[in-house]
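**Q** Dropping a structure here in structure tokens format, bear with me for questions.
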Amino acid sequence: MITVLESRRLEDWDYSFLKSIFDAKLPEWTNLEYKRDFPARDVEKNKLEHTICAFANTRGGYVLIGVEADTAENTPVAINGIDDAEGLYERITNFCARITPRIAPRLYKVRIPETNKIVLVIHVFESNEAHMASDGKYYIRVNAQSLPADHYTVQKLFKKELEFKEKMNEIIESRKRSLQLENAWIRVIILPYGFKENLIPIFDEESGKLNKGTADFLTSNQPILHSWDYKPTQFSFLQYSKNREGRIYSFVEVSHNGLIEIGTEMGLGEKTPIGLQWIKGYLKEILEFANKAYSFSGHDGSIRFVLNLINIKHRELVLSNFQFDRYVYTEDNLVVQRDVALNNIRNNLDAIIDGVAAELMRSFGVNIFST
């Protein structure tokens with residue numbers, strides 16, 4: 001049942017699935033905890049904070065608020081639900097702000113039939129960062145308990161964070177070497193939290209042949225290429241456009257472990273500026289495609305995306321078609337990274353894009369408050 005719990009998309013949770021958890025008497029464990037109601041006392045709020053922190057530092061997990069558990073066996077004994085009160089999501093979001101770095105779990109309401117009650121599902125994703133609770137301690141999940149980590153475990157948490165950042169930098173640099181850099185490039189790399197084999201099934205495991213369903217989906221949904229060739233490799237599906245000399249100038253590559261990389265040579269002349277609105281539109285299309293690709297494969301969770309502008313030294317940024325002020329970049333490359341939940345891409349994409357645009361503007365020296 002734990003495996004089913006982890007693989008189930010949150011949008012597919014309903015009362016019958018919740019009832020199956022209850023009927024199976026699934027106990028609280030490393031990725032599951034029950035709460036009868038939202039905590040009112042400080043001591044209970046602290047316990048919930050520690051649980052959320054521990055889930056993020058361990059394997060991720062689910063908190064079901066509205067399900068009462070037996071204190072001895074940690075198994076569910078009643079699905080009473082809670083009131084669907086106004087501002088419930090905001091209470092959880094503000095509550096999670098007590099944790100550093102801040103955690104943004106997914107929230108989902110499961111309605112109990114023939115009542116006005118709900119069970120609130122808090123889905124916390126495993127993080128690639130080390131998270132500290134407001135009491136200054138790092139919590140981890142051990143069986144059904146959220147416990148302060150010892151010194152050795154805290155070191156392992158920070159080592160995991162460092163290894164993820166090193167992996168990110170390695171991917172950025174190794175991929176950059178494969179590009180023709182005579183001109184400026186825009187490139188977006190997307191990595192799901194929790195790489196795993198066959199996250200996006202490029203090949204059928206039994207036959208070893210290209211998965212036709214996946215290939216058809218990727219070719220019909222990719223947003224960038226208009227005329228293109230494709231090349232399935234051992235671990236990825238590469239689509240690309242070439243010029244008459246055979247040089248690739250635009251590509252979309254989706255790997256079986258969930259890594260997505262999309263790049264385009266910007267084709268800027270010596271005095272052609274970089275258009276901020278064009279970058280925003282390009283990034284929006286790519287993130288929408290990534291959301292479709294992960295949803296197609298049944299994956300849900302958080303991702304890190306990297307916007308990388310390459311070979312842009314002395315290039316100018318223009319903010320819009322009606323803005324004639326130009327801002328010169330002084331370095332060779334520019335990198336903007338963000339961690340976001342796929343649910344936020346679905347529901348709050350414009351705000352994500354605006355945040356990236358603001359960072360780009362600051363990098364080019366734009367005084368945002370004067371524009």
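In the structure tokens, chains take the letters A, B, ... in the order shown, each chain's residues start at 1, and ligands count up from 1 in the order shown.
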Hey, what's within 6 Å of Asp37 (chain A) if we count only C-alpha atoms and toss same-chain stuff fewer than 2 positions away? As an NGL selection string, please?

**A** :A and (35 or 65-66)

**Q** Determine which residues of region 209-283 of chain A receive a DSSP assignment of helix (DSSP H, G or I), computed from the backbone, and state them as a ChimeraX atom specification.

**A** /A:212-221,276-283

**Q** Just checking: using only C-alpha atoms, which residue out of A:Ile286, A:Arg346, A:Pro105, A:Ala358 ends up closest to Val121 (chain A)?

**A** A:Pro105

**Q** Looking at only C-alpha atoms, which of A:Leu259, A:Leu162, A:Ala144, A:Leu307 is the one that sits closest to Thr71 (chain A)?

**A**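 Going through A:Leu259, A:Leu162, A:Ala144, A:Leu307 one by one, the smallest distance to Thr71 (chain A) is for A:Ala144.
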
**Q** Could you give me, as JSON lines, a per-residue list for region 74-143 of chain A showing, wherever an atom lies at most 12 Å from an atom of region 195-202 of chain A, the closest pair of atoms and their distance in Å to one decimal, using only C-alpha atoms and sorting by chain then residue number from low to high?

**A**
```
{"residue": "A:Glu126", "atom": "CA", "partner": "A:Phe195", "partner_atom": "CA", "distance": 11.4}
{"residue": "A:Ser127", "atom": "CA", "partner": "A:Phe195", "partner_atom": "CA", "distance": 12.0}
{"residue": "A:Asn128", "atom": "CA", "partner": "A:Phe195", "partner_atom": "CA", "distance": 11.2}
```

**Q** Using C-alpha atoms, can you export the residues from the last selection as an mmCIF file, in the first residue's frame?

**A**
```cif
data_model
loop_
_atom_site.group_PDB
_atom_site.id
_atom_site.type_symbol
_atom_site.label_atom_id
_atom_site.label_comp_id
_atom_site.auth_asym_id
_atom_site.auth_seq_id
_atom_site.Cartn_x
_atom_site.Cartn_y
_atom_site.Cartn_z
ATOM 1 C CA GLU A 126 11.448 14.960 -0.614
ATOM 2 C CA SER A 127 13.777 17.922 -0.870
ATOM 3 C CA ASN A 128 17.301 18.282 -2.135
#
```

**Q** Hey, which of A:Gln145, A:Asn348, A:Asn57, A:Asn31 ends up closest to Lys284 (chain A)? Count only C-alpha atoms.

**A**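 Checking each candidate against Lys284 (chain A), we get A:Asn348 as the closest.
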
**Q** Env of Asn183 (chain A): 8 Å cut, atoms = only C-alpha atoms, seq-sep filter 6 positions within chain, self excluded. Answer as a list in words.

**A** Glu265, Met266, Gly267, Leu268 and Asn311 of chain A

**Q** Do a neighbour search on Phe237 (chain A) at 6 Å with only C-alpha atoms, toss out local chain neighbours closer than 5 positions, and write the hits as JSON, numbers by chain.

**A** {"A": [232, 253, 254]}

**Q** Those same residues, written as a PDB file, in the first residue's frame with C-alpha atoms?

**A**
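Generated file (part-v9.pdb):
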```pdb
ATOM      1  CA  PRO A 232      16.146   7.918 -29.925  1.00  0.00           C
ATOM      2  CA  GLU A 253      15.588  16.219 -25.463  1.00  0.00           C
ATOM      3  CA  VAL A 254      13.604  14.189 -22.923  1.00  0.00           C
TER       4      VAL A 254
END
```

**Q** Between A:Ala357, A:Leu218, A:Ala341, A:Leu88, which is the closest to His123 (chain A) once you count only C-alpha atoms?

**A**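 When distances to His123 (chain A) are compared using only C-alpha atoms, the smallest one comes from A:Ala341.
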
**Q** So which one's closest to Asp204 (chain A), A:Phe235, A:Tyr138, A:Phe251, A:Trp13? Using only C-alpha atoms, please.

**A**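 Closest residue, counting only C-alpha atoms: A:Phe235.
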
**Q** Near Ala184 (chain A), counting only C-alpha atoms, which residues have an atom at most 12 Å away, once you skip same-chain residues fewer than 5 positions from it, shown as a PyMOL selection string?

**A** chain A and resi 176+179+249-250+263-270+272-274+308-316+332-334

**Q** Quick one: of A:Thr30, A:His256, A:Ile345, A:Asp42, who's nearest to Arg59 (chain A), counting only C-alpha atoms?

**A**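 Result for the nearest residue to Arg59 (chain A): A:Thr30.
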
**Q** Please report the interatomic distance between CA of Pro76 (chain A) and CA of Phe17 (chain A) in Å with one decimal.

**A**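 These two atoms are separated by 13.9 Å.
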
**Q** CA of Phe289 (chain A) and CA of Glu359 (chain A) are how many Å apart?

**A**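 Pair CA of Phe289 (chain A) / CA of Glu359 (chain A) returns 22.5 Å.
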